[in-house]
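Enquirer: Contents are mmCIF, C-alpha atoms and all ligand atoms; file name entry-v8.cif:
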```
data_input
loop_
_atom_site.group_PDB
_atom_site.id
_atom_site.type_symbol
_atom_site.label_atom_id
_atom_site.label_comp_id
_atom_site.auth_asym_id
_atom_site.auth_seq_id
_atom_site.Cartn_x
_atom_site.Cartn_y
_atom_site.Cartn_z
ATOM 1 C CA MET Q 463 -16.552 -27.384 -6.499
ATOM 2 C CA SER Q 464 -18.235 -28.822 -3.426
ATOM 3 C CA GLY Q 465 -19.207 -27.868 0.115
ATOM 4 C CA TYR Q 466 -20.688 -24.663 1.489
ATOM 5 C CA GLU Q 467 -21.167 -22.115 -1.343
ATOM 6 C CA GLY Q 468 -19.752 -24.479 -3.948
ATOM 7 C CA PRO Q 469 -22.747 -25.557 -5.978
ATOM 8 C CA ARG Q 470 -23.797 -21.962 -6.586
ATOM 9 C CA VAL Q 471 -20.581 -21.102 -8.360
ATOM 10 C CA ALA Q 472 -19.700 -24.514 -9.769
ATOM 11 C CA GLY Q 473 -21.060 -23.697 -13.211
ATOM 12 C CA GLN Q 474 -19.265 -20.370 -13.306
ATOM 13 C CA VAL Q 475 -15.706 -21.515 -12.697
ATOM 14 C CA LYS Q 476 -13.562 -21.624 -15.826
ATOM 15 C CA GLN Q 477 -10.822 -24.223 -15.851
ATOM 16 C CA VAL Q 478 -7.627 -23.051 -17.493
ATOM 17 C CA THR Q 479 -4.423 -24.963 -18.078
ATOM 18 C CA SER Q 480 -2.988 -23.082 -21.068
ATOM 19 C CA LEU Q 481 -0.646 -20.134 -20.708
ATOM 20 C CA ALA Q 482 -1.936 -18.962 -24.086
ATOM 21 C CA ASN Q 483 -5.414 -18.344 -22.667
ATOM 22 C CA PRO Q 484 -6.174 -14.609 -23.191
ATOM 23 C CA LEU Q 485 -7.466 -14.194 -19.609
ATOM 24 C CA ILE Q 486 -4.177 -15.561 -18.291
ATOM 25 C CA LYS Q 487 -2.190 -13.377 -20.679
ATOM 26 C CA ASP Q 488 -3.998 -10.293 -19.353
ATOM 27 C CA ILE Q 489 -3.216 -11.245 -15.754
ATOM 28 C CA LYS Q 490 0.427 -11.981 -16.537
ATOM 29 C CA ALA Q 491 0.674 -8.579 -18.217
ATOM 30 C CA LEU Q 492 -0.135 -6.947 -14.858
ATOM 31 C CA ALA Q 493 3.537 -7.461 -13.985
ATOM 32 C CA LEU Q 494 4.149 -4.354 -16.135
ATOM 33 C CA LYS Q 495 3.034 -0.878 -15.094
ATOM 34 C CA LYS Q 496 1.952 -0.040 -18.649
ATOM 35 C CA PHE Q 497 -0.635 -2.823 -18.582
ATOM 36 C CA ARG Q 498 -1.655 -2.168 -14.974
ATOM 37 C CA ASP Q 499 -2.432 1.389 -16.020
ATOM 38 C CA GLN Q 500 -4.211 0.280 -19.201
ATOM 39 C CA GLN Q 501 -6.394 -2.173 -17.282
ATOM 40 C CA ASN Q 502 -6.552 0.029 -14.152
ATOM 41 C CA ALA Q 503 -5.969 -3.209 -12.256
ATOM 42 C CA PHE Q 504 -3.470 -4.977 -10.024
ATOM 43 C CA MET Q 505 -2.813 -8.378 -8.542
ATOM 44 C CA ALA Q 506 -2.740 -9.489 -4.916
ATOM 45 C CA GLU Q 507 -1.809 -12.922 -3.606
ATOM 46 C CA GLY Q 508 -3.129 -14.938 -0.691
ATOM 47 C CA LEU Q 509 -6.537 -16.028 0.568
ATOM 48 C CA LYS Q 510 -6.634 -13.998 3.792
ATOM 49 C CA LEU Q 511 -5.564 -10.866 2.015
ATOM 50 C CA ILE Q 512 -8.267 -11.299 -0.630
ATOM 51 C CA ILE Q 513 -10.941 -11.874 2.013
ATOM 52 C CA ASP Q 514 -9.791 -8.679 3.792
ATOM 53 C CA ALA Q 515 -9.912 -6.778 0.499
ATOM 54 C CA LEU Q 516 -13.483 -7.904 -0.186
ATOM 55 C CA ASP Q 517 -14.505 -7.038 3.377
ATOM 56 C CA LEU Q 518 -13.041 -3.556 2.875
ATOM 57 C CA GLY Q 519 -15.120 -3.040 -0.265
ATOM 58 C CA TRP Q 520 -12.459 -3.449 -2.966
ATOM 59 C CA SER Q 521 -13.854 -4.615 -6.258
ATOM 60 C CA ILE Q 522 -12.520 -7.937 -7.477
ATOM 61 C CA ARG Q 523 -12.401 -8.631 -11.186
ATOM 62 C CA THR Q 524 -10.867 -12.078 -11.302
ATOM 63 C CA LEU Q 525 -10.160 -14.750 -8.741
ATOM 64 C CA VAL Q 526 -7.583 -17.345 -9.716
ATOM 65 C CA PHE Q 527 -7.144 -20.442 -7.626
ATOM 66 C CA ALA Q 528 -5.052 -23.584 -7.855
ATOM 67 C CA LYS Q 529 -6.683 -26.949 -8.379
ATOM 68 C CA ALA Q 530 -5.508 -27.728 -4.834
ATOM 69 C CA GLY Q 531 -8.050 -25.163 -3.603
ATOM 70 C CA TYR Q 532 -10.883 -27.256 -4.984
ATOM 71 C CA GLY Q 533 -13.206 -28.225 -2.147
ATOM 72 C CA ASN Q 534 -11.643 -25.770 0.331
ATOM 73 C CA PRO Q 535 -14.678 -24.024 1.912
ATOM 74 C CA ALA Q 536 -12.844 -20.702 2.357
ATOM 75 C CA VAL Q 537 -11.786 -20.665 -1.301
ATOM 76 C CA GLU Q 538 -15.296 -21.580 -2.394
ATOM 77 C CA LYS Q 539 -16.759 -18.791 -0.308
ATOM 78 C CA VAL Q 540 -14.417 -16.239 -1.891
ATOM 79 C CA ALA Q 541 -15.271 -17.685 -5.310
ATOM 80 C CA ALA Q 542 -18.963 -17.209 -4.568
ATOM 81 C CA ARG Q 543 -18.349 -13.607 -3.470
ATOM 82 C CA THR Q 544 -16.375 -12.964 -6.667
ATOM 83 C CA VAL Q 545 -19.207 -14.277 -8.822
ATOM 84 C CA ALA Q 546 -21.740 -12.252 -6.819
ATOM 85 C CA ALA Q 547 -19.623 -9.139 -7.457
ATOM 86 C CA GLY Q 548 -19.682 -9.820 -11.210
ATOM 87 C CA GLY Q 549 -16.120 -11.136 -11.335
ATOM 88 C CA THR Q 550 -14.623 -14.138 -13.092
ATOM 89 C CA VAL Q 551 -13.353 -17.242 -11.308
ATOM 90 C CA LEU Q 552 -10.566 -19.307 -12.837
ATOM 91 C CA GLU Q 553 -9.342 -22.666 -11.629
ATOM 92 C CA VAL Q 554 -5.828 -23.104 -12.963
ATOM 93 C CA SER Q 555 -2.969 -25.578 -13.038
ATOM 94 C CA GLU Q 556 0.125 -25.126 -10.887
ATOM 95 C CA LYS Q 557 2.058 -24.204 -14.049
ATOM 96 C CA VAL Q 558 -0.306 -21.298 -14.769
ATOM 97 C CA LEU Q 559 -0.153 -20.044 -11.179
ATOM 98 C CA VAL Q 560 3.646 -20.143 -11.220
ATOM 99 C CA ALA Q 561 3.629 -18.124 -14.464
ATOM 100 C CA ILE Q 562 1.164 -15.540 -13.127
ATOM 101 C CA THR Q 563 2.964 -14.965 -9.837
ATOM 102 C CA ARG Q 564 6.505 -15.632 -11.119
ATOM 103 C CA ARG Q 565 7.080 -17.669 -7.979
ATOM 104 C CA ASP Q 566 8.130 -21.272 -7.553
ATOM 105 C CA ASN Q 567 5.827 -21.802 -4.597
ATOM 106 C CA PRO Q 568 2.893 -19.552 -5.359
ATOM 107 C CA GLN Q 569 0.013 -18.835 -3.024
ATOM 108 C CA MET Q 570 -3.045 -20.950 -3.743
ATOM 109 C CA VAL Q 571 -5.220 -17.922 -4.538
ATOM 110 C CA VAL Q 572 -4.623 -14.733 -6.524
ATOM 111 C CA GLY Q 573 -7.040 -11.849 -6.994
ATOM 112 C CA VAL Q 574 -7.151 -9.127 -9.632
ATOM 113 C CA PHE Q 575 -8.613 -5.894 -8.280
ATOM 114 C CA SER Q 576 -9.416 -2.442 -9.649
ATOM 115 C CA GLN Q 577 -6.909 0.222 -8.613
ATOM 116 C CA LYS Q 578 -8.110 2.967 -6.322
ATOM 117 C CA PHE Q 579 -6.522 6.328 -5.481
ATOM 118 C CA LEU Q 580 -7.946 8.868 -3.049
ATOM 119 C CA PRO Q 581 -8.155 12.304 -4.705
ATOM 120 C CA LEU Q 582 -5.939 14.837 -2.900
ATOM 121 C CA LYS Q 583 -8.832 17.281 -2.599
ATOM 122 C CA ASP Q 584 -10.791 14.721 -0.577
ATOM 123 C CA ILE Q 585 -8.246 14.652 2.258
ATOM 124 C CA ARG Q 586 -9.558 16.669 5.166
ATOM 125 C CA ALA Q 587 -7.395 16.269 8.224
ATOM 126 C CA ARG Q 588 -9.045 16.396 11.629
ATOM 127 C CA ASP Q 589 -7.445 16.682 15.048
ATOM 128 C CA GLY Q 590 -5.358 13.622 15.811
ATOM 129 C CA ASP Q 591 -5.019 12.589 12.167
ATOM 130 C CA VAL Q 592 -1.567 11.742 10.836
ATOM 131 C CA TRP Q 593 -0.760 11.698 7.115
ATOM 132 C CA VAL Q 594 2.522 10.724 5.477
ATOM 133 C CA ALA Q 595 3.782 12.350 2.268
ATOM 134 C CA LEU Q 596 6.628 10.643 0.401
ATOM 135 C CA ASP Q 597 8.724 12.653 -2.014
ATOM 136 C CA ARG Q 598 9.532 10.639 -5.187
ATOM 137 C CA VAL Q 599 9.810 7.287 -3.392
ATOM 138 C CA ARG Q 600 11.701 4.927 -5.683
ATOM 139 C CA ASP Q 601 11.899 1.570 -3.968
ATOM 140 C CA PRO Q 602 8.796 -0.697 -3.948
ATOM 141 C CA GLY Q 603 9.968 -2.388 -0.732
ATOM 142 C CA ASN Q 604 10.224 0.987 0.999
ATOM 143 C CA LEU Q 605 6.805 2.103 -0.217
ATOM 144 C CA GLY Q 606 5.170 -1.169 0.784
ATOM 145 C CA THR Q 607 6.811 -1.068 4.202
ATOM 146 C CA VAL Q 608 5.680 2.529 4.762
ATOM 147 C CA ILE Q 609 2.086 1.640 3.809
ATOM 148 C CA ARG Q 610 2.196 -1.313 6.210
ATOM 149 C CA THR Q 611 3.612 0.879 8.996
ATOM 150 C CA VAL Q 612 1.029 3.617 8.392
ATOM 151 C CA ASP Q 613 -1.620 0.938 8.819
ATOM 152 C CA ALA Q 614 0.000 -0.483 11.973
ATOM 153 C CA VAL Q 615 0.332 2.894 13.655
ATOM 154 C CA GLY Q 616 -3.186 4.011 12.799
ATOM 155 C CA ALA Q 617 -2.184 6.905 10.544
ATOM 156 C CA LYS Q 618 -4.668 7.985 7.876
ATOM 157 C CA GLY Q 619 -2.907 7.490 4.566
ATOM 158 C CA VAL Q 620 -0.015 8.104 2.204
ATOM 159 C CA ILE Q 621 0.434 10.909 -0.304
ATOM 160 C CA LEU Q 622 2.851 10.150 -3.143
ATOM 161 C CA VAL Q 623 4.486 13.340 -4.342
ATOM 162 C CA GLY Q 624 6.068 13.540 -7.805
ATOM 163 C CA GLU Q 625 7.267 10.589 -9.898
ATOM 164 C CA THR Q 626 7.159 7.538 -7.666
ATOM 165 C CA THR Q 627 7.289 3.797 -7.772
ATOM 166 C CA ASP Q 628 3.882 2.217 -8.396
ATOM 167 C CA PRO Q 629 1.908 1.387 -5.231
ATOM 168 C CA PHE Q 630 0.127 -1.324 -7.219
ATOM 169 C CA SER Q 631 3.209 -3.171 -8.464
ATOM 170 C CA VAL Q 632 3.474 -6.792 -7.356
ATOM 171 C CA GLU Q 633 6.560 -5.970 -5.242
ATOM 172 C CA THR Q 634 4.903 -3.058 -3.429
ATOM 173 C CA VAL Q 635 1.673 -4.954 -2.824
ATOM 174 C CA ARG Q 636 3.656 -7.893 -1.414
ATOM 175 C CA ALA Q 637 5.618 -5.597 0.899
ATOM 176 C CA THR Q 638 2.396 -4.055 2.252
ATOM 177 C CA MET Q 639 1.335 -7.509 3.513
ATOM 178 C CA GLY Q 640 -2.287 -6.601 2.800
ATOM 179 C CA SER Q 641 -2.201 -3.035 4.131
ATOM 180 C CA ILE Q 642 -2.590 -1.731 0.556
ATOM 181 C CA PHE Q 643 -6.284 -2.469 1.039
ATOM 182 C CA ALA Q 644 -6.535 -0.629 4.363
ATOM 183 C CA VAL Q 645 -4.527 2.528 3.695
ATOM 184 C CA PRO Q 646 -5.745 5.225 1.281
ATOM 185 C CA VAL Q 647 -3.076 6.268 -1.217
ATOM 186 C CA THR Q 648 -3.072 9.618 -3.037
ATOM 187 C CA LYS Q 649 -0.946 10.851 -5.946
ATOM 188 C CA ALA Q 650 0.042 14.486 -6.414
ATOM 189 C CA THR Q 651 2.449 16.556 -8.451
ATOM 190 C CA PRO Q 652 4.802 18.670 -6.300
ATOM 191 C CA GLU Q 653 2.861 21.780 -7.385
ATOM 192 C CA ALA Q 654 -0.529 20.314 -6.444
ATOM 193 C CA PHE Q 655 0.872 19.079 -3.150
ATOM 194 C CA LEU Q 656 2.351 22.492 -2.271
ATOM 195 C CA ALA Q 657 -0.955 24.207 -3.080
ATOM 196 C CA TRP Q 658 -2.922 21.677 -1.000
ATOM 197 C CA ARG Q 659 -0.425 21.851 1.863
ATOM 198 C CA LYS Q 660 -1.368 25.527 2.423
ATOM 199 C CA SER Q 661 -4.743 24.428 3.721
ATOM 200 C CA PHE Q 662 -3.396 21.644 5.944
ATOM 201 C CA PRO Q 663 -4.694 22.591 9.388
ATOM 202 C CA GLY Q 664 -1.967 20.978 11.537
ATOM 203 C CA LEU Q 665 1.795 20.687 11.849
ATOM 204 C CA VAL Q 666 3.763 19.932 8.679
ATOM 205 C CA ALA Q 667 6.889 18.134 9.859
ATOM 206 C CA GLY Q 668 9.631 17.375 7.360
ATOM 207 C CA THR Q 669 12.552 15.075 8.065
ATOM 208 C CA HIS Q 670 15.971 16.180 6.916
ATOM 209 C CA LEU Q 671 19.533 15.133 7.654
ATOM 210 C CA LYS Q 672 20.272 18.831 8.149
ATOM 211 C CA GLY Q 673 17.161 19.340 10.280
ATOM 212 C CA ALA Q 674 17.845 21.693 13.183
ATOM 213 C CA VAL Q 675 15.461 20.053 15.614
ATOM 214 C CA ASP Q 676 15.692 16.663 17.363
ATOM 215 C CA TYR Q 677 12.473 14.777 16.512
ATOM 216 C CA ARG Q 678 11.960 13.883 20.211
ATOM 217 C CA SER Q 679 11.728 17.524 21.258
ATOM 218 C CA VAL Q 680 8.487 18.228 19.395
ATOM 219 C CA ASP Q 681 5.036 17.942 20.936
ATOM 220 C CA PHE Q 682 2.850 16.148 18.395
ATOM 221 C CA SER Q 683 -0.116 15.766 20.688
ATOM 222 C CA ASN Q 684 -2.134 18.733 19.415
ATOM 223 C CA GLY Q 685 -4.002 18.818 16.126
ATOM 224 C CA SER Q 686 -3.075 16.881 13.035
ATOM 225 C CA VAL Q 687 0.346 16.071 11.601
ATOM 226 C CA LEU Q 688 1.607 15.799 8.051
ATOM 227 C CA LEU Q 689 4.945 13.972 7.992
ATOM 228 C CA LEU Q 690 7.032 14.666 4.913
ATOM 229 C CA MET Q 691 9.812 12.221 3.990
ATOM 230 C CA GLY Q 692 12.512 12.722 1.355
ATOM 231 C CA ASN Q 693 13.616 10.705 -1.656
ATOM 232 C CA GLU Q 694 16.030 7.828 -0.983
ATOM 233 C CA GLN Q 695 18.924 9.331 -2.940
ATOM 234 C CA GLN Q 696 18.411 13.061 -2.728
ATOM 235 C CA GLY Q 697 16.351 13.770 0.370
ATOM 236 C CA LEU Q 698 13.761 16.574 0.281
ATOM 237 C CA PRO Q 699 14.231 19.238 -2.398
ATOM 238 C CA ASP Q 700 14.314 22.854 -1.143
ATOM 239 C CA SER Q 701 10.792 23.601 -2.402
ATOM 240 C CA LEU Q 702 9.297 20.869 -0.212
ATOM 241 C CA ALA Q 703 11.655 21.438 2.739
ATOM 242 C CA GLU Q 704 10.704 25.145 2.793
ATOM 243 C CA SER Q 705 7.024 24.254 2.934
ATOM 244 C CA CYS Q 706 7.490 22.502 6.309
ATOM 245 C CA ASP Q 707 6.731 24.116 9.671
ATOM 246 C CA ARG Q 708 9.621 22.147 11.224
ATOM 247 C CA LEU Q 709 12.559 20.175 9.828
ATOM 248 C CA LEU Q 710 13.375 17.309 12.142
ATOM 249 C CA ARG Q 711 16.425 15.127 12.519
ATOM 250 C CA ILE Q 712 16.781 11.661 14.008
ATOM 251 C CA PRO Q 713 20.180 11.725 15.731
ATOM 252 C CA GLN Q 714 22.517 8.973 14.586
ATOM 253 C CA ALA Q 715 25.747 7.451 15.864
ATOM 254 C CA GLY Q 716 28.246 5.457 13.825
ATOM 255 C CA ARG Q 717 29.278 5.809 10.221
ATOM 256 C CA ALA Q 718 25.950 5.517 8.391
ATOM 257 C CA ASP Q 719 25.060 8.712 6.502
ATOM 258 C CA SER Q 720 21.355 8.225 6.947
ATOM 259 C CA LEU Q 721 18.649 5.773 7.875
ATOM 260 C CA ASN Q 722 16.665 3.783 5.356
ATOM 261 C CA LEU Q 723 13.545 5.739 4.330
ATOM 262 C CA ALA Q 724 11.067 3.178 5.655
ATOM 263 C CA VAL Q 725 12.941 2.823 8.944
ATOM 264 C CA ALA Q 726 13.063 6.605 9.412
ATOM 265 C CA THR Q 727 9.329 6.813 8.626
ATOM 266 C CA GLY Q 728 8.606 4.094 11.201
ATOM 267 C CA ILE Q 729 10.595 5.852 13.904
ATOM 268 C CA MET Q 730 8.840 9.146 13.191
ATOM 269 C CA LEU Q 731 5.358 7.642 13.065
ATOM 270 C CA PHE Q 732 5.679 5.818 16.372
ATOM 271 C CA GLU Q 733 7.027 8.996 17.993
ATOM 272 C CA ILE Q 734 4.185 11.088 16.556
ATOM 273 C CA ARG Q 735 1.601 8.563 17.698
ATOM 274 C CA ARG Q 736 3.280 7.817 21.041
ATOM 275 C CA GLY Q 737 0.731 9.789 23.027
ATOM 276 C CA ALA Q 738 -2.206 8.609 20.956
ATOM 277 C CA LEU Q 739 -1.230 4.944 21.051
ATOM 278 C CA LYS Q 740 -2.287 4.400 24.605
ATOM 279 C CA LEU Q 741 -3.569 0.951 23.924
ATOM 280 C CA ALA Q 742 -5.200 -1.071 26.634
ATOM 281 C CA PRO Q 743 -3.300 -4.357 27.145
ATOM 282 C CA GLU Q 744 -6.200 -6.281 25.622
ATOM 283 C CA ASP Q 745 -5.974 -4.180 22.425
ATOM 284 C CA VAL Q 746 -2.347 -5.008 21.778
ATOM 285 C CA LYS Q 747 -1.972 -7.763 19.218
ATOM 286 C CA SER Q 748 0.394 -10.497 20.319
HETATM 287 N N1 LIG H 801 21.291 11.106 0.708
HETATM 288 C C1 LIG H 801 19.999 11.461 1.195
HETATM 289 C C2 LIG H 801 20.044 12.853 1.828
HETATM 290 O O1 LIG H 801 21.064 13.503 1.729
HETATM 291 O O2 LIG H 801 19.037 13.305 2.343
HETATM 292 C C3 LIG H 801 19.539 10.408 2.177
HETATM 293 C C4 LIG H 801 18.081 10.234 2.149
HETATM 294 S S1 LIG H 801 17.447 9.099 3.331
HETATM 295 C C5 LIG H 801 17.975 7.574 2.731
HETATM 296 C C6 LIG H 801 15.749 9.141 2.900
HETATM 297 C C7 LIG H 801 14.905 9.992 3.782
HETATM 298 O O3 LIG H 801 14.767 9.365 5.066
HETATM 299 C C8 LIG H 801 15.428 11.370 4.076
HETATM 300 O O4 LIG H 801 15.132 12.279 3.046
HETATM 301 C C9 LIG H 801 14.677 11.699 5.349
HETATM 302 O O5 LIG H 801 13.351 12.045 5.048
HETATM 303 C C10 LIG H 801 14.685 10.371 6.062
HETATM 304 N N2 LIG H 801 15.844 10.203 6.956
HETATM 305 C C11 LIG H 801 16.763 9.226 6.928
HETATM 306 N N3 LIG H 801 17.621 9.346 7.956
HETATM 307 C C12 LIG H 801 17.220 10.433 8.657
HETATM 308 C C13 LIG H 801 17.692 11.077 9.852
HETATM 309 N N4 LIG H 801 18.747 10.633 10.514
HETATM 310 N N5 LIG H 801 17.025 12.164 10.281
HETATM 311 C C14 LIG H 801 15.946 12.639 9.619
HETATM 312 N N6 LIG H 801 15.461 12.071 8.499
HETATM 313 C C15 LIG H 801 16.078 10.981 8.026
#
```
For this file, write the structure as C-alpha cells.
Ligand code: SAM
Expert:
Amino acid sequence: MSGYEGPRVAGQVKQVTSLANPLIKDIKALALKKFRDQQNAFMAEGLKLIIDALDLGWSIRTLVFAKAGYGNPAVEKVAARTVAAGGTVLEVSEKVLVAITRRDNPQMVVGVFSQKFLPLKDIRARDGDVWVALDRVRDPGNLGTVIRTVDAVGAKGVILVGETTDPFSVETVRATMGSIFAVPVTKATPEAFLAWRKSFPGLVAGTHLKGAVDYRSVDFSNGSVLLLMGNEQQGLPDSLAESCDRLLRIPQAGRADSLNLAVATGIMLFEIRRGALKLAPEDVKS
C-alpha cells in the first residue's frame, strides 16, 4: 500500500489468493441466509457505498479489495478506517473477488458489515413522519427498490411484517443501491405489528385492489402516515386490511390486474409526500 493513509495499514493487509482460505469461505457463505444469520453479517459492494456506510456509523468487519485497488488513495483511506474500527483488510486476486461476488465483473471493493434491525418498540412517529409496512414481501428486487424509494422520498423506514425476503441478501442490498445503510428496517410478526399499530398516532393507510377510496382524494398533510402494502401474490390479508383507517386504490386502465408492489409503493409515497416535498430548486438533485 502507498500514498495517503497507506503506510499505517500496510502491515495489516492480508493478501489472499486461495479460495480455500477460511476468511474467504466465510464471506462466500454470506450468499446463504443461514450463514448470514449465523454470522449476523452481510456483504455490500462498491467503494462509494462502503464509504457512505462508514459515515453513517455501520460497523465494518472485513474489507476486501482487488489488487487493482492497490495505491488508490480512496481505497487506502477506507482500509485505514476499517483497521481503525477493528476490522480485517484483505487484498485478493480477481479470481477470489469473482467467487465472493458471483459476478464476472465485480466491483473493486466489497465490505462485510454487521446486520442491524431497528426494534419495533423504538419507532415513535412524529408529525410529518412516513413509515412503510410491507406484508410478507417475497421479492428481493421489490424490497430493495422500496428501501431505495423510502430513502429518496425522505420517509422514515420500513417495517417487514411476517415471513419476508431477507433485507440483507446480496440481491436486496444491490437493489437498494446503498439505501440499506440510510433506511432503518424493522421486523415484526403480524401479531406484534397489529399490537404496535394501535399506538400509531397518525393515519394508517392500506393499499388494496378493492380499496373504496382513490388515493388522490386523501389529505396526507396532517400528522404522520403509516402506509401498508400487501404481499405480491395475495395482497393484504383481512387481519391487516381491517387494521387500516383507510383502504386506498390506485385507479388503473388496461388489462393489468395490479401494479408491481414497488411501483405502487413509489406512487403512494410520492403522493403522501407531495406537500412535504416542496424542495427549493437548489435542493433538487440533477
Ligand atoms: N393479486 C394481488 C391482489 O389480489 O391483491 C396483487 C398484489 S399487488 C402485485 C401487490 C400490492 O401492491 C397490493 O397488495 C397493494 O398493496 C399494491 N397495489 C398494486 N396495485 C395496486 C392498485 N392498483 N391499487 C392499490 N394498491 C395496489
Enquirer: Give as a PyMOL selection string the residues surrounding ligand LIG 801 (chain H) up to a distance of 6 Å, considering all atoms listed in the file.
Expert: chain Q and resi 669-671+691-698+710-714+720-723+726
Enquirer: Please report the interatomic distance between atom CA of Q:Ile512 and atom CA of Q:Thr611 in Å with one decimal.
Expert: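 The value is 19.5 Å.
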Enquirer: Could you tell me which of Q:Leu731, Q:Ser701, Q:Ser661, Q:Gly590 comes closest to Q:Ala614 if we count only C-alpha atoms?
Expert: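 Looking only at the distances to Q:Ala614, the closest residue turns out to be Q:Leu731.
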Enquirer: Find, counting only C-alpha atoms, the residue in Q:Gly668, Q:Pro629, Q:Pro699, Q:Pro646 that gets nearest to Q:Asp499.
Expert: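 Going through Q:Gly668, Q:Pro629, Q:Pro699, Q:Pro646 one by one, the smallest distance to Q:Asp499 is for Q:Pro629.
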Enquirer: Which residues match the PyMOL selection byres (((chain Q and resi 662) around 10) and not hetatm) in the file above, as a PyMOL selection string?
Expert: chain Q and resi 585-588+657-661+663-666+686-688
Enquirer: Tell me which protein, DNA and RNA residues are within 10 Å of Q:Pro602, counting all atoms listed in the file, leaving out same-chain ones fewer than 2 positions away, and put them as a PyMOL selection string.
Expert: chain Q and resi 599-600+604-608+626-638
Enquirer: Using Å and a single decimal, report how far atom CA of Q:Val612 sits from atom CA of Q:Gln569.
Expert: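 The value is 25.2 Å.
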Enquirer: Can you work out which one of Q:Ala506, Q:Ala654, Q:Leu552, Q:Ile489 has the shortest atom-to-atom distance to Q:Gln474, counting only C-alpha atoms?
Expert: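 Among the listed residues, Q:Leu552 lies closest to Q:Gln474.
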Enquirer: Which value, in Å to one decimal, gives the distance between atom CA of Q:Phe643 and atom CA of Q:Leu511?
Expert: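 About the pair atom CA of Q:Phe643 and atom CA of Q:Leu511: they are 8.5 Å apart.
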Enquirer: Report as a ChimeraX atom specification the full result of the PyMOL selection byres (((chain Q and resi 491) around 12) and not hetatm) when it is applied to this structure.
Expert: /Q:481,484-490,492-505,561-564,574,631-632
Enquirer: Could you save the residues just selected, with C-alpha atoms, as a tab-separated table (two decimals), keeping the file's coordinate frame?
Expert:
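The resulting part04.tsv:
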```tsv
chain	number	residue	atom	x	y	z
Q	481	LEU	CA	-0.65	-20.13	-20.71
Q	484	PRO	CA	-6.17	-14.61	-23.19
Q	485	LEU	CA	-7.47	-14.19	-19.61
Q	486	ILE	CA	-4.18	-15.56	-18.29
Q	487	LYS	CA	-2.19	-13.38	-20.68
Q	488	ASP	CA	-4.00	-10.29	-19.35
Q	489	ILE	CA	-3.22	-11.24	-15.75
Q	490	LYS	CA	0.43	-11.98	-16.54
Q	492	LEU	CA	-0.14	-6.95	-14.86
Q	493	ALA	CA	3.54	-7.46	-13.98
Q	494	LEU	CA	4.15	-4.35	-16.14
Q	495	LYS	CA	3.03	-0.88	-15.09
Q	496	LYS	CA	1.95	-0.04	-18.65
Q	497	PHE	CA	-0.64	-2.82	-18.58
Q	498	ARG	CA	-1.66	-2.17	-14.97
Q	499	ASP	CA	-2.43	1.39	-16.02
Q	500	GLN	CA	-4.21	0.28	-19.20
Q	501	GLN	CA	-6.39	-2.17	-17.28
Q	502	ASN	CA	-6.55	0.03	-14.15
Q	503	ALA	CA	-5.97	-3.21	-12.26
Q	504	PHE	CA	-3.47	-4.98	-10.02
Q	505	MET	CA	-2.81	-8.38	-8.54
Q	561	ALA	CA	3.63	-18.12	-14.46
Q	562	ILE	CA	1.16	-15.54	-13.13
Q	563	THR	CA	2.96	-14.96	-9.84
Q	564	ARG	CA	6.50	-15.63	-11.12
Q	574	VAL	CA	-7.15	-9.13	-9.63
Q	631	SER	CA	3.21	-3.17	-8.46
Q	632	VAL	CA	3.47	-6.79	-7.36
```
Enquirer: Looking at Q:Ala718, Q:Ile621, Q:Val558, Q:Ala542, which one is nearest to Q:Asp584, with distances taken over only C-alpha atoms?
Expert: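 Selected residue with least distance to Q:Asp584: Q:Ile621.
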Enquirer: Go through Q:Asn534, Q:Ala541, Q:Val623, Q:Thr524 and flag the residue nearest Q:Ser576, using all atoms listed in the file for the distances.
Expert: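 Of the candidates, the smallest distance to Q:Ser576 is held by Q:Thr524.
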Enquirer: Have a look at Q:Leu582, Q:Ala546, Q:Ala482, Q:Val475 and name the one nearest to Q:Leu516; count all atoms listed in the file.
Expert: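 Under the stated criterion, the closest residue is Q:Ala546.
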Enquirer: Could you spell out the hits of the PyMOL selection byres (((chain Q and resi 508) around 10) and not hetatm) on the shown file, as an MDAnalysis selection string?
Expert: chainID Q and resid 506:507 509:513 527 568:573 636 639:640
Enquirer: For N, CA and C atoms, please extract stretch 624-632 of chain Q from the block and return it as a CSV table (one decimal), in the first residue's frame.
Expert:
```csv
chain,number,residue,atom,x,y,z
Q,624,GLY,N,-44.3,-10.2,9.1
Q,624,GLY,CA,-44.5,-11.7,8.7
Q,624,GLY,C,-43.2,-12.2,8.1
Q,625,GLU,N,-43.3,-13.4,7.5
Q,625,GLU,CA,-42.2,-14.0,6.8
Q,625,GLU,C,-41.8,-13.2,5.5
Q,626,THR,N,-40.6,-12.7,5.4
Q,626,THR,CA,-40.3,-11.9,4.3
Q,626,THR,C,-38.9,-12.3,3.7
Q,627,THR,N,-38.7,-11.8,2.5
Q,627,THR,CA,-37.3,-12.0,2.0
Q,627,THR,C,-36.3,-11.2,2.8
Q,628,ASP,N,-35.1,-11.6,2.8
Q,628,ASP,CA,-34.1,-11.0,3.7
Q,628,ASP,C,-33.6,-9.7,3.2
Q,629,PRO,N,-33.7,-8.6,4.0
Q,629,PRO,CA,-33.2,-7.3,3.6
Q,629,PRO,C,-31.7,-7.3,3.4
Q,630,PHE,N,-31.0,-8.3,4.0
Q,630,PHE,CA,-29.6,-8.3,3.9
Q,630,PHE,C,-29.0,-9.3,2.9
Q,631,SER,N,-29.9,-9.8,2.0
Q,631,SER,CA,-29.4,-10.7,0.9
Q,631,SER,C,-28.6,-9.9,-0.1
Q,632,VAL,N,-27.8,-10.5,-0.8
Q,632,VAL,CA,-27.0,-9.8,-1.8
Q,632,VAL,C,-27.9,-9.1,-2.8
```
